[in-house]
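Student: Dumping the structure here so I can ask a few things about it.
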Amino acid sequence: MDLGFGGEVARLYQRYRRGYPPAVFDVLATTFGLTPQDVVVDLGCGTGQLTLPLAARVRAVVGVDPEPDMLVLARRAAEEQRVDNVSWVLGADSDLPALGRLFGDGSVGAVTVGQALHWMAHESVFATLHPLLRPGGGVAVVANGTPLWLQDTSWSRALRACLERWRGAELGQSCGTDTESRRRYADALTRHGYHVTETVVEYTDEIDLDALLGGVYSSFPVDALPPAAQRTELSTMIRDELGPATRFREHVRVCVLTGRIG
C-alpha cells in the first residue's frame, strides 16, 4: 500500500514531525507491563519517532511501514543513535495476518500505532492483533497533538485561512486526532474484547517559522507537494498572513488510547 509519503516528504517528515515526550513511553510501559523480555510492534512506524525510544524499554521492536523511504531514514536514525534491537519491515496493516504467523499467538507485548490509524482498516487491525498479544499486553493508538492548521490559536487560524485560500477548499483533515475518531477507535477496541483507557499527556512547546512550514509540507503526499517555485510562493503567503511573529507557541495534547487484554 503506497500512501505517497516517500522521497522529499519522508525527509520532511523525519526533520519536522514532533517526537513524543518521555511520559508517553511511561504510560505504555506501565499500562502493558513492558519488560526487557518483551517484543513490541510499531505499526505505521514512519521514520521511527515512536519506535526508537520504545527500543530502550524492551527486548526488541519491529517497525512496520508501507513506505520504503520512511524505513531507510528510520534505519539510518537507528544506526546514528546506536539502537541495535529494532527490525524494519516493509508492510501495511493488510500484512498483519502474515506477521501474526511469524510471531505466533501470545508472543507480543504491545502494538503501537502513532498517528497512522486513519490510513488503516482499524476494525480488522484490532481483531487480527488480539490473539498475538500476551496476557496484559495490548494496542496503543497515539494521537500526537492537533495538526498545526487546526489548533485553537490565532496563528493556527491564520495558517488555516491561508492554506484554504491557496487550495481553494476547506481543511478538515485531523489525522485521527479529533474526539470523534478517538471515540470510534475506543468503541471498536471494546467490541473486540479489549479493556480501554485513555491517558492525555500535555505540554507546551514553541516552534519557529521554519518548523511550522516544514510541518505543513510534511503532511503533503508526494504527488500533492508543491514544486519548489510554488512552495516559495506559498511560504511567502503564509509568512505574510502570520505577520511579524517568528515563533509560535503550541499547547500539545498527546492522547494515548490503550486497549489491554486480560
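By order of appearance in the C-alpha cells: chains A, B, ..., then residues from 1 within every chain, and ligands from 1 in the order shown.
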Just want the 12 Å neighbourhood of Thr236 (chain A), counted on only C-alpha atoms, with same-chain residues fewer than 6 positions away dropped. Output as a ChimeraX atom specification.
Tutor: /A:159,162-163,166,209-210,213,229-230,242-243
Student: Could you please determine the separation between CA of Pro21 (chain A) and CA of Pro53 (chain A) in Å, to one decimal place?
Tutor: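 A separation of 9.8 Å between them.
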Student: Considering only C-alpha atoms, give me a table of residues in region 101-190 of chain A that are at most 8 Å from region 92-96 of chain A, with the closest atom pair and distance in Å for each, as CSV.
Tutor:
```
residue,atom,partner,partner_atom,distance
A:Met120,CA,A:Asp93,CA,6.3
A:Ala121,CA,A:Asp93,CA,7.5
A:Val125,CA,A:Asp93,CA,6.5
A:Thr128,CA,A:Leu96,CA,6.9
A:Leu129,CA,A:Leu96,CA,7.6
```
Student: DSSP on the backbone, then: every residue of region 58-237 of chain A marked helix (DSSP H, G or I), written as a PyMOL selection string.
Tutor: chain A and resi 68-80+93-103+117-119+122-132+148-150+154-167+179-191+209-217+222-224+228-237
Student: Using only C-alpha atoms, which of the listed residues (A:Val62, A:Ala77, A:Val254, A:Ala23) sits closest to Asn144 (chain A)?
Tutor: A:Val254
Student: Extract, using only C-alpha atoms, all DNA, RNA and protein residues at most 7 Å from Ser218 (chain A), discarding same-chain residues fewer than 5 positions from it, and format them as a PDB file with all heavy atoms, in the first residue's frame.
Tutor:
```
ATOM      1  N   VAL A   9       9.046  14.086   0.923  1.00  0.00           N
ATOM      2  CA  VAL A   9       8.097  14.117   2.032  1.00  0.00           C
ATOM      3  C   VAL A   9       8.629  13.314   3.215  1.00  0.00           C
ATOM      4  O   VAL A   9       8.488  13.719   4.373  1.00  0.00           O
ATOM      5  CB  VAL A   9       6.716  13.602   1.586  1.00  0.00           C
ATOM      6  CG1 VAL A   9       5.797  13.436   2.788  1.00  0.00           C
ATOM      7  CG2 VAL A   9       6.092  14.562   0.582  1.00  0.00           C
ATOM      8  N   LEU A  12      11.129  15.448   4.946  1.00  0.00           N
ATOM      9  CA  LEU A  12      10.449  16.497   5.711  1.00  0.00           C
ATOM     10  C   LEU A  12       9.831  15.919   6.981  1.00  0.00           C
ATOM     11  O   LEU A  12       9.885  16.535   8.053  1.00  0.00           O
ATOM     12  CB  LEU A  12       9.358  17.145   4.846  1.00  0.00           C
ATOM     13  CG  LEU A  12       9.837  18.049   3.717  1.00  0.00           C
ATOM     14  CD1 LEU A  12       8.697  18.313   2.737  1.00  0.00           C
ATOM     15  CD2 LEU A  12      10.389  19.354   4.256  1.00  0.00           C
ATOM     16  N   TYR A  13       9.241  14.742   6.841  1.00  0.00           N
ATOM     17  CA  TYR A  13       8.610  14.071   7.984  1.00  0.00           C
ATOM     18  C   TYR A  13       9.640  13.821   9.082  1.00  0.00           C
ATOM     19  O   TYR A  13       9.398  14.113  10.259  1.00  0.00           O
ATOM     20  CB  TYR A  13       7.998  12.758   7.503  1.00  0.00           C
ATOM     21  CG  TYR A  13       7.093  12.077   8.499  1.00  0.00           C
ATOM     22  CD1 TYR A  13       5.713  12.176   8.378  1.00  0.00           C
ATOM     23  CD2 TYR A  13       7.600  11.316   9.542  1.00  0.00           C
ATOM     24  CE1 TYR A  13       4.859  11.548   9.280  1.00  0.00           C
ATOM     25  CE2 TYR A  13       6.769  10.682  10.443  1.00  0.00           C
ATOM     26  CZ  TYR A  13       5.406  10.803  10.310  1.00  0.00           C
ATOM     27  OH  TYR A  13       4.579  10.177  11.200  1.00  0.00           O
TER      28      TYR A  13
END
```
Student: Go through A:Arg253, A:Val24, A:Gly100, A:Arg167 and flag the residue nearest Leu225 (chain A), using only C-alpha atoms for the distances.
Tutor: A:Arg167
Student: Nearest to Ala116 (chain A) among A:Thr246, A:Val142, A:Ala158, A:Trp88, with distances taken over only C-alpha atoms: which residue is it?
Tutor: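 Among the listed residues, the smallest separation from Ala116 (chain A) belongs to A:Val142.
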Student: Using only C-alpha atoms, which of the listed residues (A:Gly193, A:Gly168, A:Gly63, A:Pro221) sits closest to Gln49 (chain A)?
Tutor: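 Checking each of A:Gly193, A:Gly168, A:Gly63, A:Pro221 against Gln49 (chain A), counting only C-alpha atoms, the winner is A:Gly63.
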Student: Quick one: pull the distance between CA of Gly7 (chain A) and CA of Gly44 (chain A), Å, one decimal.
Tutor: 16.7 Å
Student: Name the closest residue to Val86 (chain A) among the candidates A:Gly6, A:Leu50, A:Gly137, A:Glu170; distances are taken between atoms, counting only C-alpha atoms.
Tutor: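 Among the listed residues, the smallest separation from Val86 (chain A) belongs to A:Leu50.
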